[in-house]
Amino acid sequence: MTTEEKDNVRESIVDAACDLFGKFGYKKTTMDDVALASRKGKTAIYYYYKNKDEIFRAVIEREAKQLADVIEKAVSIHSNPVEKLKAYVIARMQALQNVATFYDAMKNELLDHLSFMDQTREAYEKSELETVRKILLEGNKNGQFKIKRPEATAITIVTLLKGLEIPFFIQTKPEDVEEKVKNLLDIICFGIVNRAAKK
């Protein structure tokens, strides 16, 4: 079997596992389930992955990369920092709907016993904060933003978005998410205070 064929088998296993973890969660999904869903023998599954943790890690890492790639692509097509910030928020909030296993794992304290989870969370959060920080610094440099503490502001924005994830996706119809994101962006970018008003 060629390297490409082996990679394809790994990918098919991860695809099947991704669906199972998304539907039933980490705890209820078994190696037998993965073997059945991927149409591979259990021996073949163990050839590529030692245990369920390894498969779960592969799923999480793939979805984390997918989310990061979507955000990077959305931001990169803009040259204006304000538009970059808007693109980041919209891409992040919409893309989370497509990486359900990663999202659940990032929030699920029951998975803290998996040694790689803290490392995965930390790496993704660091990457996201750096993306926002760079946008803010660029906006400061060209005069579009006036932010005294870009690092602290980046943390505030990312933390705010995390806090809104459940209200956005569980309590909001999919067709209304974009409108809510736009309203949020108006507040982030322009605030709610009328600066022209007299004190």
# chains A, B, ... in the order shown; residues from 1 in each chain; ligands from 1
>>> select_by_dssp(residues="region 4-118 of chain A", states="alpha helix (DSSP H)", output="ChimeraX atom specification")
/A:4-28,31-38,42-48,52-76,81-95,100-107,115-118
>>> residues_around(residues="Pro81 (chain A)", least_positions_apart="3", cutoff="7 Å", atoms="only C-alpha atoms", output="PyMOL selection string")
chain A and resi 84-85+135+138-139
>>> write_last_selection(atoms="C-alpha atoms", output="PDB file, in the first residue's frame")
ATOM      1  CA  LYS A  84     -10.226  42.322   8.716  1.00  0.00           C
ATOM      2  CA  LEU A  85     -11.739  42.474  12.202  1.00  0.00           C
ATOM      3  CA  ILE A 135      -5.296  43.295  13.314  1.00  0.00           C
ATOM      4  CA  GLU A 138      -2.245  47.323  12.193  1.00  0.00           C
ATOM      5  CA  GLY A 139      -5.308  49.478  12.824  1.00  0.00           C
TER       6      GLY A 139
END
>>> residues_around(residues="Val99 (chain A)", least_positions_apart="3", cutoff="10 Å", atoms="only C-alpha atoms", output="list in words")
Cys18, Gly22, Val59, Ile60, Arg62, Glu63, Ala64, Lys65, Gln66, Leu67, Gln94, Ala95, Leu96, Phe102, Tyr103 and Asp104 of chain A
>>> closest_atom_pairs(of="region 35-106 of chain A", to="region 154-169 of chain A", cutoff="8 Å", atoms="only C-alpha atoms", output="CSV")
residue,atom,partner,partner_atom,distance
A:Val89,CA,A:Leu161,CA,8.0
A:Met93,CA,A:Glu165,CA,7.3
A:Gln97,CA,A:Phe169,CA,7.6
>>> closest_atom_pairs(of="region 79-166 of chain A", to="region 44-54 of chain A", cutoff="12 Å", atoms="only C-alpha atoms", output="Markdown table")
| residue | atom | partner | partner_atom | distance |
| --- | --- | --- | --- | --- |
| A:Leu111 | CA | A:Asp53 | CA | 10.3 |
| A:His113 | CA | A:Asp53 | CA | 10.5 |
| A:Leu114 | CA | A:Asp53 | CA | 7.4 |
| A:Ser115 | CA | A:Asp53 | CA | 9.4 |
| A:Phe116 | CA | A:Asp53 | CA | 9.3 |
| A:Met117 | CA | A:Asp53 | CA | 10.4 |
>>> atom_distance(atom1="CA of Met1 (chain A)", atom2="CA of Arg39 (chain A)")
17.5 Å
>>> atom_distance(atom1="CA of Ala68 (chain A)", atom2="CA of Ala87 (chain A)")
12.8 Å
